[in-house]
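Enquirer: Quick one, upload-v7.tsv (TSV, C-alpha atoms):
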chain	number	residue	atom	x	y	z
A	1	MET	CA	14.63	21.83	1.01
A	2	THR	CA	12.89	22.28	-2.31
A	3	MET	CA	13.75	20.52	-5.53
A	4	PRO	CA	14.16	22.27	-8.86
A	5	PRO	CA	11.05	21.93	-11.05
A	6	PRO	CA	12.49	19.35	-13.50
A	7	VAL	CA	13.47	17.01	-10.67
A	8	ARG	CA	10.13	17.57	-8.93
A	9	LYS	CA	8.23	16.79	-12.12
A	10	PHE	CA	10.27	13.65	-12.66
A	11	ALA	CA	9.62	12.43	-9.12
A	12	LEU	CA	5.94	13.25	-9.46
A	13	THR	CA	5.66	11.42	-12.77
A	14	ALA	CA	7.38	8.37	-11.29
A	15	HIS	CA	5.09	8.53	-8.29
A	16	VAL	CA	1.86	8.79	-10.27
A	17	LEU	CA	2.87	6.03	-12.69
A	18	SER	CA	4.03	3.64	-10.00
A	19	SER	CA	1.03	4.33	-7.78
A	20	ILE	CA	-1.51	3.76	-10.54
A	21	GLY	CA	0.39	0.67	-11.63
A	22	TRP	CA	0.47	-0.58	-8.05
A	23	PHE	CA	-3.29	-0.27	-7.74
A	24	GLY	CA	-3.89	-1.99	-11.08
A	25	ALA	CA	-1.51	-4.83	-10.27
A	26	VAL	CA	-3.11	-5.44	-6.88
A	27	ALA	CA	-6.56	-5.42	-8.50
A	28	VAL	CA	-5.39	-8.09	-10.95
A	29	PHE	CA	-3.89	-10.02	-8.04
A	30	LEU	CA	-7.25	-9.91	-6.28
A	31	ALA	CA	-8.98	-11.26	-9.39
A	32	LEU	CA	-6.46	-14.10	-9.58
A	33	ALA	CA	-6.87	-14.84	-5.87
A	34	ILE	CA	-10.64	-15.09	-6.30
A	35	VAL	CA	-10.20	-17.40	-9.30
A	36	GLY	CA	-7.77	-19.47	-7.24
A	37	ILE	CA	-10.23	-20.10	-4.45
A	38	ALA	CA	-13.48	-20.20	-6.42
A	39	SER	CA	-12.70	-21.89	-9.70
A	40	GLU	CA	-13.48	-25.54	-10.27
A	41	ASP	CA	-10.99	-25.65	-13.11
A	42	VAL	CA	-7.79	-27.15	-11.70
A	43	GLU	CA	-5.56	-25.89	-14.48
A	44	LEU	CA	-6.96	-22.39	-14.18
A	45	THR	CA	-6.36	-22.45	-10.42
A	46	ARG	CA	-2.78	-23.56	-10.85
A	47	ALA	CA	-2.18	-20.93	-13.52
A	48	ALA	CA	-3.65	-18.26	-11.24
A	49	TYR	CA	-1.24	-18.99	-8.40
A	50	LEU	CA	1.74	-19.13	-10.72
A	51	ALA	CA	0.72	-15.77	-12.18
A	52	MET	CA	0.25	-14.35	-8.69
A	53	LYS	CA	3.81	-15.21	-7.73
A	54	LEU	CA	5.17	-13.75	-10.96
A	55	SER	CA	3.16	-10.54	-10.67
A	56	THR	CA	4.08	-10.11	-7.01
A	57	TRP	CA	7.83	-10.29	-7.51
A	58	SER	CA	8.07	-8.63	-10.91
A	59	VAL	CA	5.36	-5.97	-10.74
A	60	ILE	CA	3.67	-5.36	-7.39
A	61	LEU	CA	6.72	-5.24	-5.14
A	62	PRO	CA	8.85	-3.05	-7.46
A	63	LEU	CA	5.95	-0.66	-7.99
A	64	ALA	CA	5.28	-0.48	-4.24
A	65	PHE	CA	8.86	0.47	-3.53
A	66	VAL	CA	9.04	2.99	-6.39
A	67	SER	CA	5.76	4.54	-5.23
A	68	LEU	CA	6.97	4.76	-1.65
A	69	LEU	CA	10.36	6.16	-2.58
A	70	SER	CA	9.09	8.65	-5.16
A	71	GLY	CA	6.38	9.76	-2.73
A	72	VAL	CA	8.92	10.43	-0.02
A	73	VAL	CA	11.15	12.31	-2.45
A	74	SER	CA	8.23	14.35	-3.78
A	75	SER	CA	7.16	15.28	-0.27
A	76	ILE	CA	10.58	16.15	1.07
A	77	GLY	CA	11.41	18.17	-2.01
A	78	THR	CA	8.41	20.46	-1.72
A	79	ASN	CA	6.76	22.62	0.89
A	80	TRP	CA	4.33	19.81	1.66
A	81	GLY	CA	7.01	18.03	3.65
A	82	LEU	CA	6.76	14.53	5.02
A	83	PHE	CA	5.52	15.20	8.53
A	84	ARG	CA	3.86	18.61	8.20
A	85	HIS	CA	0.38	17.58	7.12
A	86	TYR	CA	-1.73	14.82	8.60
A	87	ARG	CA	-2.85	13.46	5.27
A	88	VAL	CA	0.73	13.20	3.97
A	89	LEU	CA	1.81	11.51	7.19
A	90	LEU	CA	-1.15	9.11	7.04
A	91	LYS	CA	-0.38	8.27	3.45
A	92	LEU	CA	3.21	7.50	4.37
A	93	LEU	CA	2.14	5.25	7.24
A	94	ILE	CA	-0.48	3.44	5.16
A	95	SER	CA	1.97	2.92	2.30
A	96	ILE	CA	4.60	1.52	4.64
A	97	PHE	CA	1.99	-0.73	6.28
A	98	ILE	CA	0.75	-2.09	2.94
A	99	THR	CA	4.32	-2.73	1.78
A	100	ILE	CA	5.16	-4.60	4.98
A	101	VAL	CA	1.99	-6.70	4.72
A	102	LEU	CA	2.87	-7.41	1.10
A	103	LEU	CA	6.38	-8.53	2.06
A	104	ILE	CA	4.96	-10.81	4.75
A	105	HIS	CA	2.57	-12.37	2.25
A	106	THR	CA	5.24	-13.17	-0.30
A	107	ARG	CA	5.94	-16.37	1.63
A	108	PRO	CA	2.43	-17.86	1.37
A	109	ILE	CA	2.27	-16.65	-2.24
A	110	ASP	CA	5.47	-18.53	-2.99
A	111	LEU	CA	4.16	-21.60	-1.20
A	112	LEU	CA	0.93	-21.62	-3.19
A	113	ALA	CA	2.77	-21.07	-6.47
A	114	ASP	CA	5.34	-23.76	-5.73
A	115	THR	CA	2.58	-26.16	-4.80
A	116	ALA	CA	0.69	-25.28	-7.97
A	117	ALA	CA	3.81	-26.01	-9.97
A	118	HIS	CA	4.33	-29.43	-8.45
A	119	THR	CA	0.84	-30.78	-7.76
A	120	VAL	CA	-2.41	-31.22	-9.61
A	121	ALA	CA	-4.93	-30.17	-6.97
A	122	PHE	CA	-4.90	-28.15	-3.78
A	123	GLY	CA	-6.00	-29.95	-0.63
A	124	ALA	CA	-8.07	-28.62	2.20
A	125	ASP	CA	-4.91	-27.57	4.01
A	126	PHE	CA	-4.51	-24.73	1.54
A	127	GLU	CA	-7.91	-23.17	2.05
A	128	SER	CA	-6.65	-20.80	4.73
A	129	GLN	CA	-3.83	-19.56	2.50
A	130	GLN	CA	-6.12	-19.20	-0.47
A	131	LEU	CA	-8.57	-17.23	1.63
A	132	MET	CA	-5.73	-15.15	3.02
A	133	MET	CA	-4.76	-14.08	-0.49
A	134	VAL	CA	-8.28	-12.80	-1.14
A	135	THR	CA	-8.48	-11.03	2.23
A	136	ALA	CA	-5.07	-9.40	1.99
A	137	SER	CA	-5.45	-8.21	-1.59
A	138	SER	CA	-8.96	-6.88	-0.87
A	139	ALA	CA	-7.57	-4.92	2.07
A	140	ALA	CA	-4.75	-3.61	-0.11
A	141	VAL	CA	-7.20	-2.43	-2.79
A	142	VAL	CA	-9.25	-0.60	-0.16
A	143	ALA	CA	-6.13	0.98	1.35
A	144	LEU	CA	-4.92	2.14	-2.06
A	145	ILE	CA	-8.31	3.68	-2.76
A	146	VAL	CA	-8.07	5.50	0.58
A	147	LEU	CA	-4.64	6.82	-0.44
A	148	THR	CA	-6.10	8.10	-3.69
A	149	VAL	CA	-8.94	9.84	-1.89
A	150	LEU	CA	-6.48	11.52	0.48
A	151	SER	CA	-4.40	12.66	-2.49
A	152	VAL	CA	-7.30	14.06	-4.47
A	153	TYR	CA	-9.38	15.65	-1.70
A	154	LYS	CA	-6.39	16.88	0.30
A	155	PRO	CA	-8.20	17.23	3.64
A	156	ARG	CA	-6.93	20.04	5.83
A	157	GLY	CA	-4.83	19.52	8.90
A	158	MET	CA	-1.34	20.52	9.82
A	159	THR	CA	0.66	18.66	12.42
A	160	ARG	CA	2.29	20.45	15.34
A	161	TYR	CA	5.62	19.95	13.64
A	162	GLY	CA	4.23	21.48	10.46
A	163	ALA	CA	2.78	24.42	12.35
A	164	ARG	CA	6.09	25.03	14.08
A	165	LYS	CA	7.96	24.87	10.78
A	166	LEU	CA	5.52	27.25	9.17
A	167	HIS	CA	5.93	29.63	12.10
A	168	GLU	CA	9.70	29.48	11.71
A	169	GLN	CA	9.41	30.16	8.01
A	170	CYS	CA	7.14	33.11	8.66
A	171	ASN	CA	9.64	34.53	11.12
A	172	GLY	CA	12.54	33.78	8.80
A	173	GLY	CA	11.09	35.57	5.84
A	174	LEU	CA	7.82	35.64	4.02
A	175	SER	CA	9.24	35.63	0.55
A	176	GLY	CA	9.40	31.86	0.22
A	177	LEU	CA	5.86	31.35	1.42
A	178	ALA	CA	4.00	33.38	-1.09
A	179	THR	CA	4.54	30.91	-3.90
A	180	PRO	CA	4.84	27.17	-3.55
A	181	PRO	CA	7.91	25.65	-5.21
B	1	MET	CA	3.53	11.47	-0.75
B	2	ALA	CA	3.46	7.79	-1.19
B	3	GLY	CA	0.18	6.59	-2.51
B	4	LEU	CA	-1.98	6.98	-5.50
B	5	LEU	CA	-2.01	10.18	-7.44
B	6	ALA	CA	0.73	12.09	-5.84
B	7	ASP	CA	0.34	15.46	-4.33
B	8	THR	CA	1.02	18.29	-6.57
B	9	ASP	CA	2.21	21.33	-4.86
B	10	SER	CA	0.91	24.29	-6.74
B	11	LYS	CA	-2.48	25.62	-7.58
B	12	ALA	CA	-1.65	25.62	-11.25
B	13	GLU	CA	-0.97	21.91	-11.21
B	14	THR	CA	-4.01	20.86	-9.30
B	15	GLY	CA	-6.47	23.34	-10.61
B	16	ASP	CA	-7.51	23.50	-7.00
B	17	ASP	CA	-8.19	26.47	-4.80
B	18	ALA	CA	-6.40	27.62	-1.69
B	19	ARG	CA	-7.21	24.34	0.05
B	20	ALA	CA	-4.42	22.72	-1.93
B	21	SER	CA	-1.77	25.08	-0.63
B	22	PRO	CA	0.78	23.49	1.67
B	23	ASN	CA	1.16	26.69	3.61
B	24	ARG	CA	-2.40	27.44	4.58
B	25	ALA	CA	-2.95	28.52	8.14
B	26	PRO	CA	-2.62	25.74	10.72
B	27	THR	CA	-5.15	24.93	13.39
B	28	ASP	CA	-4.23	24.18	16.99
B	29	SER	CA	-6.05	20.89	17.49
B	30	THR	CA	-6.01	17.63	15.59
B	31	PRO	CA	-8.68	17.79	12.88
B	32	ARG	CA	-11.79	15.73	13.41
B	33	TRP	CA	-11.27	13.79	10.20
B	34	VAL	CA	-7.86	12.62	11.45
B	35	LYS	CA	-9.43	11.24	14.65
B	36	ALA	CA	-12.22	9.53	12.71
B	37	PHE	CA	-9.72	8.21	10.21
B	38	GLY	CA	-7.54	6.85	13.00
B	39	ILE	CA	-10.43	5.03	14.65
B	40	ALA	CA	-11.63	3.60	11.32
B	41	THR	CA	-8.11	2.48	10.44
B	42	LEU	CA	-7.67	0.84	13.84
B	43	LEU	CA	-10.94	-1.06	13.44
B	44	ALA	CA	-10.01	-2.10	9.89
B	45	VAL	CA	-6.59	-3.35	10.97
B	46	MET	CA	-8.16	-5.29	13.86
B	47	ALA	CA	-10.73	-6.84	11.51
B	48	PHE	CA	-7.97	-7.76	9.09
B	49	ALA	CA	-5.89	-9.33	11.87
B	50	ILE	CA	-8.87	-11.33	13.14
B	51	MET	CA	-9.68	-12.59	9.64
B	52	HIS	CA	-6.04	-13.43	9.16
B	53	ASP	CA	-5.92	-15.38	12.42
B	54	ALA	CA	-9.18	-17.13	11.67
B	55	GLY	CA	-7.61	-18.54	8.55
B	56	HIS	CA	-4.68	-19.92	10.56
B	57	GLY	CA	-2.54	-17.63	8.44
B	58	MET	CA	1.10	-17.84	9.21
B	59	ALA	CA	1.05	-20.57	11.84
B	60	HIS	CA	0.12	-23.08	9.18
B	61	LEU	CA	2.97	-21.99	7.00
B	62	ALA	CA	5.52	-22.13	9.77
B	63	HIS	CA	4.42	-25.69	10.46
B	64	TRP	CA	5.07	-26.66	6.87
B	65	GLY	CA	8.34	-24.85	6.57
B	66	VAL	CA	7.60	-22.08	4.15
B	67	GLY	CA	10.15	-21.60	1.44
B	68	SER	CA	11.49	-25.10	1.83
B	69	GLN	CA	9.69	-26.20	-1.32
B	70	THR	CA	8.06	-28.92	0.76
B	71	PRO	CA	4.37	-29.11	-0.01
B	72	PRO	CA	1.96	-29.86	2.79
B	73	PRO	CA	0.68	-33.38	3.23
B	74	SER	CA	-2.59	-32.78	1.44
B	75	ALA	CA	-0.82	-31.49	-1.64
B	76	ALA	CA	1.49	-34.44	-1.73
B	77	GLU	CA	-1.42	-36.79	-1.36
B	78	HIS	CA	-3.39	-35.29	-4.18
B	79	GLY	CA	-0.60	-34.27	-6.41
B	80	THR	CA	1.44	-35.74	-9.14
B	81	HIS	CA	4.78	-34.36	-10.08
B	82	HIS	CA	5.32	-32.74	-13.38
B	83	PRO	CA	8.60	-32.86	-15.22
Could you express the structure from this file as structure tokens?
Expert:
Amino acid sequence: MTMPPPVRKFALTAHVLSSIGWFGAVAVFLALAIVGIASEDVELTRAAYLAMKLSTWSVILPLAFVSLLSGVVSSIGTNWGLFRHYRVLLKLLISIFITIVLLIHTRPIDLLADTAAHTVAFGADFESQQLMMVTASSAAVVALIVLTVLSVYKPRGMTRYGARKLHEQCNGGLSGLATPP
Amino acid sequence: MAGLLADTDSKAETGDDARASPNRAPTDSTPRWVKAFGIATLLAVMAFAIMHDAGHGMAHLAHWGVGSQTPPPSAAEHGTHHP
């Protein structure tokens, strides 16, 4: 199934915008997480965790879902397919993994933000959660960089499913293969 | 695909050569980079899980009742409520 060019361009635009935004938002989140754990300024720490909660729910999560959805649409609607090439498949798996990890971490993010809203200083009990925010957002930044590298370098490799589909297309008619959609 | 800088699907869009074509000839075996990538990813996920566990990640939160708006003891001890 291939999409008409206007739809494909729209999906691609949404995907690029949301993906770049996702990376930027996670990078900001990482900066806030580092401030939260390293800063001596209590007010700054509290503000950082409140901002982290706000950015997570209003920016990072929506962008992650838009990126995932638009990526799936862009892949399905072109000859690249979703399961035909290793790099596309890997990107899908990594994106799903990051999104799941993000969803899991919304609970400690909420806890830290709620605590910041109601207390003056964080006790030692919070150190693990504060460290977790730095670790998780660092991992997310690295994973998003890996996704970018896969997108730009486009390493070769077709899955068995992709090879079979290509073989079927070749047998079915070569006209559609000469030019990508 | 999902991820940064989406795949474009034509040479004109990417300015790339034949490598960017979705219909280039397949190879029989799994590419070496996929195997290396898989091993590296596995190691990274394991390292992440270990670091997560080392920080008493979720167990701590379950103990406190995450989402219940109940701050842990240390926060209550140190904190003062704001209007």
Enquirer: Pick out the residues sitting within 10 Å of Leu103 (chain A), and hand them over as a list in words; count only C-alpha atoms, and ignore anything fewer than 5 positions along from it in its own chain.
Expert: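 The contact residues come out as Thr56, Trp57, Leu61, Phe97 and Ile98 of chain A.
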Enquirer: Hey, what's within 9 Å of region 32-37 of chain B if we count all atoms listed in the file and toss same-chain stuff fewer than 4 positions away? As JSON, numbers by chain, please?
Expert: {"A": [86, 87, 90, 155, 156, 157], "B": [41, 42]}
Enquirer: Write the residues you've just listed into a file as a PDB file, in the coordinates of the input, and include C-alpha atoms for each of them.
Expert:
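Full text of again03.pdb as output:
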ATOM      1  CA  TYR A  86      -1.730  14.820   8.600  1.00  0.00           C
ATOM      2  CA  ARG A  87      -2.850  13.460   5.270  1.00  0.00           C
ATOM      3  CA  LEU A  90      -1.150   9.110   7.040  1.00  0.00           C
ATOM      4  CA  PRO A 155      -8.200  17.230   3.640  1.00  0.00           C
ATOM      5  CA  ARG A 156      -6.930  20.040   5.830  1.00  0.00           C
ATOM      6  CA  GLY A 157      -4.830  19.520   8.900  1.00  0.00           C
TER       7      GLY A 157
ATOM      8  CA  THR B  41      -8.110   2.480  10.440  1.00  0.00           C
ATOM      9  CA  LEU B  42      -7.670   0.840  13.840  1.00  0.00           C
TER      10      LEU B  42
END
Enquirer: What is the distance between CA of Thr148 (chain A) and CA of Ala31 (chain A), in Å to one decimal?
Expert: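 Computing it gives 20.4 Å between the two atoms.
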Enquirer: From the options A:Ser137, A:Thr106, A:Asn171, A:Ser95, which residue's atoms come nearest to chain B, counting all atoms listed in the file?
Expert: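 Looking at the shortest contact to chain B, the residue is A:Ser95.
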Enquirer: Any idea what the distance is between CA of Ser151 (chain A) and CA of Val88 (chain A)?
Expert: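 Taking CA of Ser151 (chain A) and CA of Val88 (chain A), their separation equals 8.3 Å.
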Enquirer: Give me, please, the distance in Å between CA of Gly162 (chain A) and CA of Ala44 (chain B), quoted to one decimal.
Expert: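 It comes out at 27.6 Å.
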Enquirer: Residues at most 12 Å from region 130-134 of chain A, counting only C-alpha atoms, excluding those fewer than 4 positions away in the same chain, as a ChimeraX atom specification?
Expert: /A:26-39,45-46,48-49,52-53,56,101-102,104-113,115-116,122-126,138-141 /B:48-58,60-61
Enquirer: Could you pull the residues within 8 Å of Ala25 (chain A), counting only C-alpha atoms, minus those fewer than 3 positions along the same chain, as a list in words?
Expert: Gly21, Trp22, Val28, Phe29, Ser55, Val59 and Ile60 of chain A
Enquirer: Of the candidates A:Gln169, A:Thr119, A:Thr135, A:Thr99, which shows the shortest atom-to-atom distance to chain B, using only C-alpha atoms?
Expert: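 Going through A:Gln169, A:Thr119, A:Thr135, A:Thr99 one by one, the smallest distance to chain B is for A:Thr119.
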